[in-house]
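**Student:** Sending over my_file.cif (mmCIF, C-alpha atoms).
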data_coords
#
loop_
_atom_site.label_atom_id
_atom_site.label_comp_id
_atom_site.auth_asym_id
_atom_site.auth_seq_id
_atom_site.Cartn_x
_atom_site.Cartn_y
_atom_site.Cartn_z
CA MET H 1 103.09 132.91 -52.44
CA ARG H 2 100.61 130.47 -50.96
CA LEU H 3 97.65 129.64 -53.17
CA SER H 4 95.45 128.57 -50.24
CA SER H 5 95.60 128.13 -46.49
CA ASP H 6 95.89 124.35 -47.02
CA GLN H 7 99.65 124.67 -47.29
CA LEU H 8 100.00 126.23 -43.83
CA ILE H 9 100.40 123.12 -41.67
CA LEU H 10 100.21 123.86 -37.96
CA TRP H 11 100.42 120.41 -36.40
CA GLN H 12 101.44 117.05 -37.79
CA HIS H 13 101.38 113.57 -36.31
CA GLY H 14 102.14 110.74 -38.73
CA PHE H 15 99.89 111.16 -41.72
CA ILE H 16 97.38 113.29 -39.79
CA LYS H 17 97.89 116.93 -40.66
CA LEU H 18 96.09 119.91 -39.17
CA ASN H 19 96.26 122.80 -41.57
CA ALA H 20 94.97 126.35 -41.17
CA THR H 21 91.85 125.59 -43.25
CA ILE H 22 90.62 122.88 -40.88
CA LEU H 23 91.34 124.94 -37.77
CA THR H 24 89.55 127.99 -39.18
CA THR H 25 86.58 125.82 -40.15
CA TRP H 26 86.41 124.37 -36.63
CA ALA H 27 86.58 127.87 -35.14
CA LEU H 28 83.75 129.02 -37.43
CA MET H 29 81.66 125.98 -36.52
CA LEU H 30 82.23 126.71 -32.83
CA VAL H 31 81.28 130.38 -33.23
CA MET H 32 78.13 129.54 -35.19
CA ALA H 33 77.00 126.68 -32.94
CA VAL H 34 77.64 128.52 -29.66
CA GLY H 35 76.10 131.70 -31.06
CA ALA H 36 72.95 129.89 -32.20
CA LYS H 37 72.71 128.08 -28.84
CA LEU H 38 73.08 131.32 -26.87
CA ILE H 39 70.47 133.11 -28.97
CA THR H 40 67.89 130.31 -28.91
CA ARG H 41 68.30 129.68 -25.17
CA ARG H 42 65.69 132.28 -24.22
CA LEU H 43 63.15 132.41 -27.03
CA ALA H 44 60.15 134.66 -26.59
CA THR H 45 56.79 134.40 -28.34
CA GLY H 46 55.33 137.76 -27.27
CA THR H 47 55.61 141.11 -29.00
CA ILE H 48 58.86 142.06 -27.23
CA LEU H 49 61.75 140.10 -28.72
CA CYS H 50 65.45 140.43 -28.14
CA ARG H 51 67.23 141.82 -31.15
CA TRP H 52 69.31 138.69 -31.80
CA GLN H 53 66.15 136.58 -32.00
CA CYS H 54 64.73 139.13 -34.46
CA ALA H 55 67.86 138.88 -36.59
CA LEU H 56 67.72 135.07 -36.66
CA GLU H 57 64.00 135.08 -37.48
CA ILE H 58 64.57 137.53 -40.36
CA LEU H 59 67.37 135.29 -41.63
CA VAL H 60 65.38 132.05 -41.48
CA ALA H 61 62.24 133.65 -42.92
CA GLY H 62 64.30 135.17 -45.74
CA ILE H 63 65.86 131.81 -46.61
CA VAL H 64 62.44 130.13 -46.60
CA ARG H 65 61.03 132.86 -48.86
CA GLN H 66 63.94 132.56 -51.30
CA ILE H 67 63.54 128.77 -51.48
CA ALA H 68 59.80 129.16 -52.09
CA GLU H 69 60.45 131.70 -54.88
CA VAL H 70 62.64 129.21 -56.73
CA GLY H 71 59.58 126.96 -56.95
CA LEU H 72 59.92 124.28 -54.28
CA GLN H 73 56.55 123.26 -52.87
CA SER H 74 57.47 122.75 -49.18
CA PRO H 75 60.42 125.05 -48.41
CA ARG H 76 60.56 124.08 -44.71
CA GLN H 77 61.85 120.65 -45.74
CA TYR H 78 64.95 122.11 -47.42
CA VAL H 79 65.72 125.03 -45.14
CA SER H 80 68.06 123.00 -42.91
CA PHE H 81 70.30 121.96 -45.83
CA VAL H 82 70.23 125.12 -47.96
CA GLY H 83 70.30 127.39 -44.92
CA THR H 84 73.34 125.61 -43.51
CA LEU H 85 75.21 125.98 -46.80
CA PHE H 86 74.30 129.67 -47.03
CA LEU H 87 75.11 130.49 -43.41
CA PHE H 88 78.45 128.67 -43.42
CA VAL H 89 79.67 130.28 -46.66
CA ALA H 90 78.33 133.70 -45.64
CA VAL H 91 79.95 133.62 -42.19
CA ALA H 92 83.21 132.27 -43.62
CA ASN H 93 83.29 135.11 -46.16
CA LEU H 94 82.13 137.75 -43.70
CA PHE H 95 84.95 137.08 -41.26
CA THR H 96 87.47 138.41 -43.81
CA ILE H 97 87.13 141.77 -42.03
CA VAL H 98 89.11 140.23 -39.15
CA PRO H 99 92.83 140.88 -39.75
CA GLY H 100 94.94 137.79 -40.31
CA TYR H 101 91.94 135.64 -41.14
CA GLU H 102 92.09 133.48 -44.25
CA PRO H 103 88.65 132.31 -45.44
CA PRO H 104 88.37 128.48 -45.52
CA THR H 105 86.20 128.95 -48.64
CA GLY H 106 89.37 130.16 -50.38
CA SER H 107 90.70 126.59 -50.35
CA LEU H 108 89.60 124.07 -52.95
CA SER H 109 89.21 121.27 -50.38
CA THR H 110 86.48 123.12 -48.45
CA THR H 111 84.53 124.15 -51.54
CA ALA H 112 84.87 120.65 -53.02
CA ALA H 113 83.42 119.21 -49.80
CA LEU H 114 80.49 121.63 -49.91
CA ALA H 115 79.87 120.85 -53.59
CA LEU H 116 79.99 117.11 -52.85
CA CYS H 117 77.32 117.66 -50.18
CA VAL H 118 75.11 119.18 -52.90
CA PHE H 119 76.03 116.35 -55.28
CA VAL H 120 74.86 113.76 -52.71
CA ALA H 121 71.87 115.70 -51.40
CA VAL H 122 70.22 116.34 -54.79
CA PRO H 123 69.54 112.61 -55.59
CA ILE H 124 68.44 112.00 -51.98
CA PHE H 125 65.85 114.77 -52.16
CA GLY H 126 64.90 113.68 -55.68
CA VAL H 127 64.34 110.05 -54.67
CA GLY H 128 62.48 111.13 -51.55
CA GLU H 129 60.12 113.26 -53.59
CA LEU H 130 59.62 111.19 -56.74
CA GLY H 131 60.62 107.63 -55.80
CA TRP H 132 63.38 105.56 -57.40
CA ARG H 133 61.66 104.84 -60.73
CA ASN H 134 60.60 108.38 -61.49
CA TYR H 135 63.90 109.88 -60.36
CA LEU H 136 65.99 107.53 -62.53
CA LYS H 137 63.55 108.09 -65.38
CA SER H 138 64.30 111.82 -65.20
CA TYR H 139 67.80 111.03 -66.52
CA LEU H 140 66.17 109.81 -69.75
CA GLN H 141 64.43 113.15 -70.35
CA PRO H 142 63.74 114.31 -73.03
CA THR H 143 65.02 111.20 -74.87
CA ALA H 144 67.22 108.25 -73.94
CA ILE H 145 70.05 109.67 -76.09
CA MET H 146 70.47 112.43 -73.50
CA LEU H 147 71.50 109.98 -70.73
CA PRO H 148 75.30 110.52 -70.98
CA PHE H 149 74.84 114.28 -71.26
CA ASN H 150 72.61 114.36 -68.19
CA ILE H 151 75.25 112.44 -66.21
CA ILE H 152 78.05 114.70 -67.48
CA SER H 153 76.06 117.80 -66.56
CA GLU H 154 75.53 116.41 -63.05
CA LEU H 155 79.31 115.99 -62.62
CA SER H 156 80.37 119.22 -64.33
CA ARG H 157 77.99 121.40 -62.34
CA THR H 158 79.45 119.98 -59.11
CA LEU H 159 82.93 120.89 -60.35
CA ALA H 160 81.64 124.32 -61.37
CA LEU H 161 80.13 124.91 -57.91
CA ALA H 162 83.42 124.06 -56.21
CA VAL H 163 85.71 126.00 -58.55
CA ARG H 164 83.42 129.07 -58.68
CA LEU H 165 83.42 129.63 -54.92
CA PHE H 166 87.13 128.75 -54.62
CA GLY H 167 88.13 131.01 -57.52
CA ASN H 168 86.14 133.98 -56.27
CA MET H 169 87.41 133.84 -52.70
CA MET H 170 90.99 132.99 -53.69
CA SER H 171 91.09 135.81 -56.24
CA GLY H 172 89.87 138.28 -53.62
CA THR H 173 92.68 137.36 -51.23
CA MET H 174 95.24 137.22 -54.05
CA ILE H 175 94.31 140.61 -55.52
CA LEU H 176 94.44 142.13 -52.02
CA GLY H 177 97.94 140.72 -51.55
CA ILE H 178 99.14 142.05 -54.91
CA LEU H 179 97.57 145.48 -54.29
CA LEU H 180 99.23 145.74 -50.86
CA ALA H 181 102.57 145.52 -52.66
CA ILE H 182 101.66 148.16 -55.28
CA THR H 183 99.35 150.72 -53.61
CA PRO H 184 99.58 150.09 -49.87
CA PHE H 185 97.26 152.61 -48.19
CA ILE H 186 93.75 153.47 -49.40
CA PHE H 187 93.00 151.27 -52.40
CA PRO H 188 93.19 147.85 -50.65
CA ILE H 189 90.40 149.03 -48.28
CA ALA H 190 88.08 149.64 -51.24
CA MET H 191 89.03 146.27 -52.71
CA SER H 192 88.34 144.46 -49.43
CA ALA H 193 84.91 146.14 -49.32
CA ILE H 194 84.27 144.77 -52.82
CA GLY H 195 85.59 141.42 -51.58
CA LEU H 196 82.97 141.44 -48.80
CA LEU H 197 80.23 142.12 -51.37
CA THR H 198 81.54 139.32 -53.62
CA GLY H 199 81.59 136.97 -50.63
CA MET H 200 77.94 137.63 -49.79
CA VAL H 201 76.89 137.33 -53.45
CA GLN H 202 78.80 134.05 -53.76
CA ALA H 203 77.15 132.68 -50.59
CA TYR H 204 73.75 133.62 -52.02
CA ILE H 205 74.58 132.09 -55.40
CA PHE H 206 75.90 128.86 -53.87
CA ALA H 207 72.70 128.40 -51.85
CA ILE H 208 70.39 129.42 -54.69
CA LEU H 209 72.14 127.10 -57.17
CA ALA H 210 71.80 124.20 -54.72
CA THR H 211 68.10 125.07 -54.44
CA VAL H 212 67.74 125.24 -58.22
CA TYR H 213 69.37 121.81 -58.59
CA ILE H 214 67.09 120.33 -55.91
CA ALA H 215 64.08 121.95 -57.57
CA ALA H 216 65.10 120.44 -60.91
CA ALA H 217 65.50 116.99 -59.35
CA THR H 218 62.19 117.10 -57.44
CA ASP H 219 60.14 118.68 -60.23
CA SER H 220 56.60 117.37 -59.77
CA ARG H 221 55.83 117.69 -63.49
CA LYS H 222 58.09 114.67 -64.09
CA LYS H 223 55.68 112.42 -62.19
CA MET R 1 117.70 128.19 -73.64
CA ASP R 2 117.46 125.24 -71.30
CA ASN R 3 114.22 123.47 -70.42
CA THR R 4 113.61 125.32 -67.14
CA THR R 5 113.77 128.74 -68.79
CA LEU R 6 111.52 127.49 -71.58
CA ILE R 7 108.91 126.19 -69.13
CA GLY R 8 109.02 129.40 -67.10
CA ALA R 9 108.65 131.63 -70.15
CA ALA R 10 105.89 129.50 -71.65
CA SER R 11 103.98 129.46 -68.33
CA ILE R 12 104.09 133.22 -67.87
CA ILE R 13 103.14 134.00 -71.49
CA THR R 14 100.36 131.40 -71.44
CA ALA R 15 98.99 132.78 -68.16
CA GLY R 16 98.75 136.24 -69.72
CA ILE R 17 97.07 134.93 -72.86
CA THR R 18 94.69 132.81 -70.75
CA MET R 19 93.48 135.82 -68.79
CA GLY R 20 93.18 138.08 -71.85
CA ALA R 21 91.39 135.62 -74.09
CA GLY R 22 89.38 134.00 -71.33
CA VAL R 23 87.97 137.23 -69.93
CA PHE R 24 86.90 138.60 -73.32
CA GLY R 25 83.99 136.22 -73.88
CA PRO R 26 82.46 136.40 -70.37
CA ALA R 27 82.79 140.21 -70.42
CA MET R 28 80.75 140.34 -73.65
CA GLY R 29 78.22 137.89 -72.24
CA GLN R 30 77.83 139.75 -68.94
CA GLY R 31 77.40 143.05 -70.78
CA ARG R 32 74.62 141.60 -72.90
CA ALA R 33 72.95 139.96 -69.88
CA VAL R 34 72.98 143.17 -67.82
CA SER R 35 71.74 145.34 -70.69
CA THR R 36 68.87 142.92 -71.39
CA ALA R 37 68.00 142.77 -67.68
CA LEU R 38 68.00 146.59 -67.50
CA SER R 39 65.59 146.93 -70.41
CA ALA R 40 63.40 144.21 -68.90
CA LEU R 41 63.42 146.11 -65.58
CA ALA R 42 62.46 149.34 -67.36
CA GLN R 43 59.53 147.63 -69.06
CA GLN R 44 58.33 145.64 -66.04
CA PRO R 45 59.43 147.15 -62.73
CA ASP R 46 56.98 144.85 -60.91
CA ALA R 47 59.02 141.79 -61.83
CA ALA R 48 62.18 143.29 -60.29
CA PRO R 49 62.86 140.55 -57.67
CA THR R 50 62.56 137.71 -60.20
CA ILE R 51 64.66 139.49 -62.81
CA THR R 52 67.34 140.42 -60.29
CA ARG R 53 67.58 136.89 -58.91
CA THR R 54 67.78 135.32 -62.34
CA LEU R 55 70.31 137.96 -63.39
CA PHE R 56 72.55 137.21 -60.41
CA VAL R 57 72.44 133.47 -60.98
CA GLY R 58 73.10 133.94 -64.71
CA LEU R 59 75.96 136.35 -64.06
CA ALA R 60 77.53 133.83 -61.68
CA MET R 61 77.25 131.14 -64.35
CA ILE R 62 78.91 133.38 -66.96
CA GLU R 63 81.49 134.61 -64.51
CA SER R 64 82.54 131.09 -63.61
CA MET R 65 84.03 130.80 -67.14
CA ALA R 66 86.34 133.71 -66.39
CA ILE R 67 87.06 132.24 -62.94
CA TYR R 68 88.14 128.94 -64.54
CA CYS R 69 90.64 130.87 -66.70
CA PHE R 70 91.84 132.75 -63.61
CA VAL R 71 92.37 129.50 -61.71
CA VAL R 72 94.32 128.01 -64.62
CA ALA R 73 96.46 131.16 -64.83
CA MET R 74 97.12 131.04 -61.06
CA ILE R 75 98.09 127.36 -61.28
CA LEU R 76 100.49 128.18 -64.13
CA LEU R 77 102.06 131.00 -62.13
CA PHE R 78 102.16 129.69 -58.55
CA ALA R 79 101.63 125.91 -58.57
CA ASN R 80 102.98 124.82 -61.95
CA PRO R 81 103.42 121.00 -61.97
CA PHE R 82 105.92 121.03 -64.89
CA TRP R 83 108.04 123.69 -63.21
CA ASN R 84 107.96 121.80 -59.90
CA HIS R 85 108.99 118.62 -61.73
CA MET R 86 111.94 120.36 -63.37
CA ILE R 87 113.05 121.94 -60.09
CA ALA R 88 112.75 118.58 -58.28
CA ALA R 89 114.75 116.87 -61.04
CA ALA R 90 117.44 119.58 -60.95
CA THR R 91 117.85 119.53 -57.17
CA GLY R 92 117.55 115.75 -56.94
CA LYS R 93 120.62 115.22 -59.11
#
Any chance you could put this one into structure tokens?
**Tutor:**
Amino acid sequence: MRLSSDQLILWQHGFIKLNATILTTWALMLVMAVGAKLITRRLATGTILCRWQCALEILVAGIVRQIAEVGLQSPRQYVSFVGTLFLFVAVANLFTIVPGYEPPTGSLSTTAALALCVFVAVPIFGVGELGWRNYLKSYLQPTAIMLPFNIISELSRTLALAVRLFGNMMSGTMILGILLAITPFIFPIAMSAIGLLTGMVQAYIFAILATVYIAAATDSRKK
Amino acid sequence: MDNTTLIGAASIITAGITMGAGVFGPAMGQGRAVSTALSALAQQPDAAPTITRTLFVGLAMIESMAIYCFVVAMILLFANPFWNHMIAAATGK
């Protein structure tokens, strides 16, 4: 049994390997980029909108509202980063309804890359908002004794982000595979419906946790 | 019993114990979190969006403990480094 789609190598040249995870990610990127380009090609500002534009506007407005509810002052600034994370994870998890598709989020390398993006982006946003001195000073809150614990928490929450998404998506695929061997007909359908729900909740949680981390790093009360 | 059998048996038994013991705590925690959130919702239905969002994030935090145990169990069952080492040593001879 394969634990993730990383082990399915489709093309190899020297030390360069193309596995199923990378190819699926590229396909998803292509679908999302071409889809967004096609939808935004003819934007209308009047009262009559095409339904795809409506859907995109609802999506973007919803993401902005969620970011604002977490407590960030200018949500427009963060919508490109948080929205990208949410949309990629959501689309990757949503495509599990296509037969034969293995979600790239079910491989630890993808989720580790996404978590590393959050790990790098949080200090960048923090420094941009507070400046170097104030941001580095926030590691000494509430006292200087907490410095190692603050650093450990920064690292461990990145690990937690990666393993949480990986574990949830991998367990969904794995349980589906085991159930297909035990009760082949009706029950796997119900489980894949639950898997879709878990995928959307995990996409939401990944984005909202990234927002919470950014909000904690850019907290204006630390000024 | 030779070493390979020992490693296999220990891995399987440990995977079972990991899931059983590791799911117990998060299950208790999630039950408490949901029951508290429900009573908070009953008292203040106006605060439903905030409570729900915090509940989801908290549940994900608690659930990640169980997910860690699941990942360790899966590694023990399907990608066990000790087992792979023994198999490689046995076939390499």
**Student:** To test your reading of the syntax: which residues would the PyMOL selection byres ((chain R) within 10 of (chain H)) return for the file shown? Reply as a ChimeraX atom specification.
**Tutor:** /R:49-50,53-54,56-61,63-72,74-75,77-79
**Student:** Counting only C-alpha atoms, find the residues whose atoms lie at most 9 Å from (72.5, 128.9, -49.5) (file coordinates) and write them out as number ranges by chain.
**Tutor:** H: 63, 79, 81-90, 203-211
**Student:** Please indicate the distance in Å from CA of Met29 (chain H) to CA of Ala68 (chain H), rounded to one decimal place.
**Tutor:** 27.0 Å
**Student:** Kindly resolve the PyMOL selection byres ((chain R and resi 30) around 10) on the present coordinates and return the residues as a list in words.
**Tutor:**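 Listing what the PyMOL selection byres ((chain R and resi 30) around 10) selects in the shown file: Gly25, Pro26, Ala27, Met28, Gly29, Gly31, Arg32, Ala33, Val34, Ser35, Thr36, Leu55, Gly58, Leu59, Ala60, Met61, Ile62 and Glu63 of chain R.
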**Student:** Could you tell me, as a list of chain:residue names, exactly which residues end up selected when the PyMOL selection byres ((chain H and resi 102-114) around 6) is applied to this structure?
**Tutor:**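 Those residues are H:Ser4, H:Thr21, H:Ala92, H:Tyr101, H:Ala115, H:Leu116, H:Cys117, H:Ala162, H:Phe166, H:Met169, H:Met170.
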**Student:** Just checking: using all atoms listed in the file, which residue out of H:Leu18, H:Leu28, H:Leu10, H:Ile124 ends up closest to Leu136 (chain H)?
**Tutor:** H:Ile124
**Student:** Would you list the contacts of Arg76 (chain H) as a PyMOL selection string, taking every protein, DNA or RNA residue within 10 Å and counting all atoms listed in the file, but skipping same-chain residues closer than 4 positions in sequence?
**Tutor:** chain H and resi 60-61+63-65+67-68+72+80
**Student:** Work out how far apart CA of Asn84 (chain R) and CA of Thr5 (chain R) are and give it in Å to one decimal.
**Tutor:**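 Between these atoms lies a distance of 12.7 Å.
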**Student:** Using CA of Gly199 (chain H) and CA of Val98 (chain H) as the two end points, give the distance in Å to one decimal.
**Tutor:**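 Straight-line distance from CA of Gly199 (chain H) to CA of Val98 (chain H) works out to 14.1 Å.
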**Student:** Write out as an NGL selection string the residues lying within 12 Å of Ala216 (chain H), counting only C-alpha atoms and excluding same-chain residues fewer than 5 positions away.
**Tutor:** :H and (70-72 or 122-123 or 125-126 or 129-130 or 135 or 138-139 or 141 or 154 or 209-211 or 221-222)
**Student:** Go ahead and save the picked residues with C-alpha atoms, as a PDB file, in the frame of the given file.
**Tutor:**
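See part28.pdb below for the written result:
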ATOM      1  CA  VAL H  70      62.640 129.210 -56.730  1.00  0.00           C
ATOM      2  CA  GLY H  71      59.580 126.960 -56.950  1.00  0.00           C
ATOM      3  CA  LEU H  72      59.920 124.280 -54.280  1.00  0.00           C
ATOM      4  CA  VAL H 122      70.220 116.340 -54.790  1.00  0.00           C
ATOM      5  CA  PRO H 123      69.540 112.610 -55.590  1.00  0.00           C
ATOM      6  CA  PHE H 125      65.850 114.770 -52.160  1.00  0.00           C
ATOM      7  CA  GLY H 126      64.900 113.680 -55.680  1.00  0.00           C
ATOM      8  CA  GLU H 129      60.120 113.260 -53.590  1.00  0.00           C
ATOM      9  CA  LEU H 130      59.620 111.190 -56.740  1.00  0.00           C
ATOM     10  CA  TYR H 135      63.900 109.880 -60.360  1.00  0.00           C
ATOM     11  CA  SER H 138      64.300 111.820 -65.200  1.00  0.00           C
ATOM     12  CA  TYR H 139      67.800 111.030 -66.520  1.00  0.00           C
ATOM     13  CA  GLN H 141      64.430 113.150 -70.350  1.00  0.00           C
ATOM     14  CA  GLU H 154      75.530 116.410 -63.050  1.00  0.00           C
ATOM     15  CA  LEU H 209      72.140 127.100 -57.170  1.00  0.00           C
ATOM     16  CA  ALA H 210      71.800 124.200 -54.720  1.00  0.00           C
ATOM     17  CA  THR H 211      68.100 125.070 -54.440  1.00  0.00           C
ATOM     18  CA  ARG H 221      55.830 117.690 -63.490  1.00  0.00           C
ATOM     19  CA  LYS H 222      58.090 114.670 -64.090  1.00  0.00           C
TER      20      LYS H 222
END
**Student:** Determine, counting all atoms listed in the file, every residue of protein, DNA or RNA that lies within 9 Å of (110.1, 126.9, -67.5) in the file coordinates, then give the result as a ChimeraX atom specification.
**Tutor:** /R:2-12,82-83,86
**Student:** May I ask which of the residues R:Ile87, R:Leu38, R:Ala73, R:Ala47 is the closest one to Gly22 (chain R), counting all atoms listed in the file?
**Tutor:** R:Ala73
